[in-house]
Amino acid sequence: MQKLYANQLASQLSQGLAGCYLIFGEEPLQKLEAIDALRQAAKEQGYDERLSFTLDGQFDWAQLHNELSAMSLFSAKRLIELELSQKLSPAASDQLKQLAHSLSADIVLVLHGQRGFSEVSKLAWFKQLQQVAVQVAIYPLDDRQAGQWLQQRARVLNLRLSTDAFSLLQHHSAGNLLAARQELEKLALTHPGQLVDAAVLADFLADHSSFTVFQLGDAILAGDGQQALHRLDRLLQQDLEPAIIIWQLQKDLLQLQQLHHQQQQGIAPAQAFKQLAIWPKRQPLYQQALQRLSVAYLDYLLQELAAFDRLYKGGQLTDMTTALSHLVCLFIKPVPRTYSLQQQHDN
């Protein structure tokens, strides 16, 4: 039967329910919302009873087959869900193949799990069921898709996010739509109808730390190593997400690169600051940083930030504090490149 992506399921459900659904993928929020949408559609279409089973080592197949074949005492229509574990025994696979012959008009059967859709769709039991089932493929979103998802969800919640706030939230929740949804829903409760800028959002995400990530950025731009490391330490003690710190470093670095480029083009500093929307109180800090950090060195810093990002997302950083302190020190004063995160990543 039909194969859909998560964002196409609502349209299919509005046209009526199929007898069987196969919902698989490794992105938990899209999978959860797909199942929730299916439950709601089933309820609206008279499937008032819902039964949920989990396929584990103690699973009673006879109970499931009895439910599929028996008439319900409570409802003429039923939704039956079966969550599959990561690995199935040959006996379990054989049982799943038989489900294609056990469907009836008054039952919607939903099989779901966290295995990748591309992987599970190659299995024999899946191929047997796909002939009678709607398949819903859940894939992780890339950066562009995740950005679109955030924008759409913010609109639904009537949230107003500045460009910088949106960028910070996207960086903070990269690869975790569930966390992004939770932050957006909390923001909608605490800041209804208000314009949320990056400063407000950083404070919100940091749970009102005694230092903000912007204050850390100020100390770094000023070249005050002692104060910068002190603020970094306080932020980490208060469980500020490393992604927020990296977002701030990257943002300041990219602006320094743009300021260098505009200087080379002969653009006056005042005009350059205005074009980049840099507040007057921070302009002297950027000027200090421009005097000590060359264009070539900023390129090296950008490579170090990218290496941190790869190591962090790959779970390869054994000492987060040391890695972040290393990056902060690189911003304070150019140092010999005897150690770099890029070398650690390559190794």
# chains A, B, ... in the order shown; residues from 1 in each chain; ligands from 1
$ residues_around --residues "stretch 278-285 of chain A" --least-positions-apart "4" --cutoff "10 Å" --atoms "only C-alpha atoms" --output "list in words"
Gly217, Asp218, Ala219, Ile220, Leu221, Ala222, Gly223, Gln255, Pro269, Ala270, Ala272, Phe273, Lys274, Ala289 and Leu290 of chain A
$ residues_around --residues "A:Leu129" --least-positions-apart "2" --cutoff "12 Å" --atoms "only C-alpha atoms" --output "number ranges by chain"
A: 1-2, 19-23, 93-103, 109-111, 120-127, 131-135
$ atom_distance --atom1 "atom CA of A:Leu13" --atom2 "atom CA of A:Leu38"
7.2 Å
$ residues_around --residues "stretch 300-309 of chain A" --least-positions-apart "3" --cutoff "9 Å" --atoms "only C-alpha atoms" --output "VMD selection string"
chain A and resid 243 246 249 to 250 253 to 254 295 to 297 312 to 314 317 323 to 324 327 330 to 331 340 to 345
$ residues_around --residues "A:Ser325" --least-positions-apart "5" --cutoff "10 Å" --atoms "only C-alpha atoms" --output "list in words"
Gly225, Ala228, Leu229, Leu232, Asp233, Met320 and Leu330 of chain A
$ write_last_selection --atoms "N, CA, C and O atoms" --output "CSV table (one decimal), in the first residue's frame"
chain,number,residue,atom,x,y,z
A,225,GLY,N,41.2,37.2,30.1
A,225,GLY,CA,41.2,35.8,30.3
A,225,GLY,C,40.7,35.3,31.6
A,225,GLY,O,40.0,34.4,31.7
A,228,ALA,N,37.0,35.8,31.8
A,228,ALA,CA,36.3,34.9,30.9
A,228,ALA,C,36.2,33.5,31.4
A,228,ALA,O,35.2,32.8,31.4
A,229,LEU,N,37.3,33.0,31.9
A,229,LEU,CA,37.4,31.6,32.5
A,229,LEU,C,36.5,31.5,33.7
A,229,LEU,O,35.9,30.5,34.0
A,232,LEU,N,33.0,31.3,32.5
A,232,LEU,CA,32.7,30.0,31.9
A,232,LEU,C,32.5,29.0,33.0
A,232,LEU,O,31.6,28.1,32.9
A,233,ASP,N,33.4,29.0,34.0
A,233,ASP,CA,33.3,28.0,35.1
A,233,ASP,C,31.9,28.2,35.8
A,233,ASP,O,31.3,27.1,36.1
A,320,MET,N,34.7,18.0,28.8
A,320,MET,CA,34.0,19.2,28.2
A,320,MET,C,34.6,20.5,28.7
A,320,MET,O,34.8,21.4,27.9
A,330,LEU,N,41.9,30.5,23.3
A,330,LEU,CA,42.3,30.8,22.0
A,330,LEU,C,41.7,32.2,21.5
A,330,LEU,O,42.4,32.9,20.8
$ atom_distance --atom1 "atom CA of A:Ala202" --atom2 "atom CA of A:Ile244"
7.5 Å
$ closest_residue --among "A:Cys329, A:Leu9, A:Ala92, A:Leu29" --to "A:Trp61" --atoms "only C-alpha atoms"
A:Ala92
$ residues_around --residues "A:Asn176" --least-positions-apart "6" --cutoff "10 Å" --atoms "only C-alpha atoms" --output "ChimeraX atom specification"
/A:27-29,140-141,146,170
$ write_last_selection --atoms "C-alpha atoms" --output "mmCIF file, in the first residue's frame"
data_model
loop_
_atom_site.group_PDB
_atom_site.id
_atom_site.type_symbol
_atom_site.label_atom_id
_atom_site.label_comp_id
_atom_site.auth_asym_id
_atom_site.auth_seq_id
_atom_site.Cartn_x
_atom_site.Cartn_y
_atom_site.Cartn_z
ATOM 1 C CA GLU A 27 13.441 10.444 15.416
ATOM 2 C CA PRO A 28 11.277 10.112 18.563
ATOM 3 C CA LEU A 29 9.155 13.280 18.412
ATOM 4 C CA PRO A 140 15.753 12.781 11.226
ATOM 5 C CA LEU A 141 15.419 16.321 9.884
ATOM 6 C CA ALA A 146 14.613 21.477 11.399
ATOM 7 C CA GLN A 170 18.083 26.002 16.690
#
$ closest_residue --among "A:His230, A:Phe214, A:Lys251, A:Arg160" --to "A:Val196" --atoms "only C-alpha atoms"
A:Arg160
$ atom_distance --atom1 "atom CA of A:Leu189" --atom2 "atom CA of A:Leu168"
19.1 Å
$ decode --residues "stretch 213-225 of chain A" --atoms "all heavy atoms" --output "PDB file, in the first residue's frame"
ATOM      1  N   VAL A 213      25.495  34.059  28.958  1.00  0.00           N
ATOM      2  CA  VAL A 213      26.454  33.736  27.919  1.00  0.00           C
ATOM      3  C   VAL A 213      26.928  35.004  27.209  1.00  0.00           C
ATOM      4  O   VAL A 213      28.050  35.063  26.687  1.00  0.00           O
ATOM      5  CB  VAL A 213      25.834  32.721  26.930  1.00  0.00           C
ATOM      6  CG1 VAL A 213      24.761  33.369  26.076  1.00  0.00           C
ATOM      7  CG2 VAL A 213      26.896  32.079  26.061  1.00  0.00           C
ATOM      8  N   PHE A 214      26.106  36.057  27.230  1.00  0.00           N
ATOM      9  CA  PHE A 214      26.514  37.326  26.621  1.00  0.00           C
ATOM     10  C   PHE A 214      27.616  37.995  27.440  1.00  0.00           C
ATOM     11  O   PHE A 214      28.529  38.616  26.893  1.00  0.00           O
ATOM     12  CB  PHE A 214      25.309  38.258  26.487  1.00  0.00           C
ATOM     13  CG  PHE A 214      24.277  37.749  25.518  1.00  0.00           C
ATOM     14  CD1 PHE A 214      23.170  37.066  25.972  1.00  0.00           C
ATOM     15  CD2 PHE A 214      24.425  37.929  24.158  1.00  0.00           C
ATOM     16  CE1 PHE A 214      22.226  36.575  25.093  1.00  0.00           C
ATOM     17  CE2 PHE A 214      23.481  37.447  23.258  1.00  0.00           C
ATOM     18  CZ  PHE A 214      22.386  36.765  23.736  1.00  0.00           C
ATOM     19  N   GLN A 215      27.553  37.851  28.758  1.00  0.00           N
ATOM     20  CA  GLN A 215      28.611  38.394  29.606  1.00  0.00           C
ATOM     21  C   GLN A 215      29.914  37.634  29.405  1.00  0.00           C
ATOM     22  O   GLN A 215      31.003  38.211  29.468  1.00  0.00           O
ATOM     23  CB  GLN A 215      28.175  38.347  31.071  1.00  0.00           C
ATOM     24  CG  GLN A 215      27.060  39.338  31.395  1.00  0.00           C
ATOM     25  CD  GLN A 215      26.501  39.153  32.797  1.00  0.00           C
ATOM     26  OE1 GLN A 215      26.218  38.034  33.216  1.00  0.00           O
ATOM     27  NE2 GLN A 215      26.340  40.249  33.522  1.00  0.00           N
ATOM     28  N   LEU A 216      29.809  36.326  29.164  1.00  0.00           N
ATOM     29  CA  LEU A 216      31.006  35.557  28.815  1.00  0.00           C
ATOM     30  C   LEU A 216      31.593  36.092  27.514  1.00  0.00           C
ATOM     31  O   LEU A 216      32.808  36.299  27.413  1.00  0.00           O
ATOM     32  CB  LEU A 216      30.648  34.081  28.665  1.00  0.00           C
ATOM     33  CG  LEU A 216      31.736  33.177  28.068  1.00  0.00           C
ATOM     34  CD1 LEU A 216      32.960  33.129  28.969  1.00  0.00           C
ATOM     35  CD2 LEU A 216      31.199  31.773  27.815  1.00  0.00           C
ATOM     36  N   GLY A 217      30.742  36.340  26.528  1.00  0.00           N
ATOM     37  CA  GLY A 217      31.214  36.876  25.253  1.00  0.00           C
ATOM     38  C   GLY A 217      31.895  38.219  25.403  1.00  0.00           C
ATOM     39  O   GLY A 217      32.902  38.492  24.745  1.00  0.00           O
ATOM     40  N   ASP A 218      31.363  39.062  26.272  1.00  0.00           N
ATOM     41  CA  ASP A 218      31.973  40.376  26.506  1.00  0.00           C
ATOM     42  C   ASP A 218      33.392  40.238  27.045  1.00  0.00           C
ATOM     43  O   ASP A 218      34.315  40.937  26.608  1.00  0.00           O
ATOM     44  CB  ASP A 218      31.122  41.187  27.482  1.00  0.00           C
ATOM     45  CG  ASP A 218      29.823  41.679  26.866  1.00  0.00           C
ATOM     46  OD1 ASP A 218      29.686  41.600  25.628  1.00  0.00           O
ATOM     47  OD2 ASP A 218      28.942  42.138  27.621  1.00  0.00           O
ATOM     48  N   ALA A 219      33.584  39.348  28.020  1.00  0.00           N
ATOM     49  CA  ALA A 219      34.909  39.158  28.613  1.00  0.00           C
ATOM     50  C   ALA A 219      35.888  38.598  27.584  1.00  0.00           C
ATOM     51  O   ALA A 219      37.070  38.983  27.554  1.00  0.00           O
ATOM     52  CB  ALA A 219      34.812  38.222  29.817  1.00  0.00           C
ATOM     53  N   ILE A 220      35.395  37.711  26.723  1.00  0.00           N
ATOM     54  CA  ILE A 220      36.262  37.132  25.688  1.00  0.00           C
ATOM     55  C   ILE A 220      36.682  38.195  24.683  1.00  0.00           C
ATOM     56  O   ILE A 220      37.862  38.303  24.318  1.00  0.00           O
ATOM     57  CB  ILE A 220      35.531  35.967  24.994  1.00  0.00           C
ATOM     58  CG1 ILE A 220      35.394  34.778  25.953  1.00  0.00           C
ATOM     59  CG2 ILE A 220      36.280  35.548  23.726  1.00  0.00           C
ATOM     60  CD1 ILE A 220      34.550  33.649  25.408  1.00  0.00           C
ATOM     61  N   LEU A 221      35.730  38.984  24.207  1.00  0.00           N
ATOM     62  CA  LEU A 221      36.065  40.032  23.242  1.00  0.00           C
ATOM     63  C   LEU A 221      37.048  41.041  23.836  1.00  0.00           C
ATOM     64  O   LEU A 221      37.935  41.549  23.135  1.00  0.00           O
ATOM     65  CB  LEU A 221      34.791  40.754  22.794  1.00  0.00           C
ATOM     66  CG  LEU A 221      33.837  39.967  21.894  1.00  0.00           C
ATOM     67  CD1 LEU A 221      32.539  40.730  21.681  1.00  0.00           C
ATOM     68  CD2 LEU A 221      34.479  39.643  20.547  1.00  0.00           C
ATOM     69  N   ALA A 222      36.895  41.328  25.123  1.00  0.00           N
ATOM     70  CA  ALA A 222      37.780  42.293  25.787  1.00  0.00           C
ATOM     71  C   ALA A 222      39.167  41.723  26.032  1.00  0.00           C
ATOM     72  O   ALA A 222      40.089  42.468  26.388  1.00  0.00           O
ATOM     73  CB  ALA A 222      37.163  42.738  27.111  1.00  0.00           C
ATOM     74  N   GLY A 223      39.328  40.414  25.861  1.00  0.00           N
ATOM     75  CA  GLY A 223      40.626  39.803  26.094  1.00  0.00           C
ATOM     76  C   GLY A 223      40.941  39.595  27.560  1.00  0.00           C
ATOM     77  O   GLY A 223      42.111  39.420  27.930  1.00  0.00           O
ATOM     78  N   ASP A 224      39.929  39.593  28.407  1.00  0.00           N
ATOM     79  CA  ASP A 224      40.105  39.423  29.849  1.00  0.00           C
ATOM     80  C   ASP A 224      40.023  37.924  30.167  1.00  0.00           C
ATOM     81  O   ASP A 224      38.961  37.396  30.472  1.00  0.00           O
ATOM     82  CB  ASP A 224      39.022  40.196  30.600  1.00  0.00           C
ATOM     83  CG  ASP A 224      39.263  40.239  32.104  1.00  0.00           C
ATOM     84  OD1 ASP A 224      40.010  39.375  32.611  1.00  0.00           O
ATOM     85  OD2 ASP A 224      38.693  41.118  32.777  1.00  0.00           O
ATOM     86  N   GLY A 225      41.162  37.246  30.098  1.00  0.00           N
ATOM     87  CA  GLY A 225      41.178  35.807  30.258  1.00  0.00           C
ATOM     88  C   GLY A 225      40.713  35.337  31.623  1.00  0.00           C
ATOM     89  O   GLY A 225      39.959  34.362  31.729  1.00  0.00           O
TER      90      GLY A 225
END
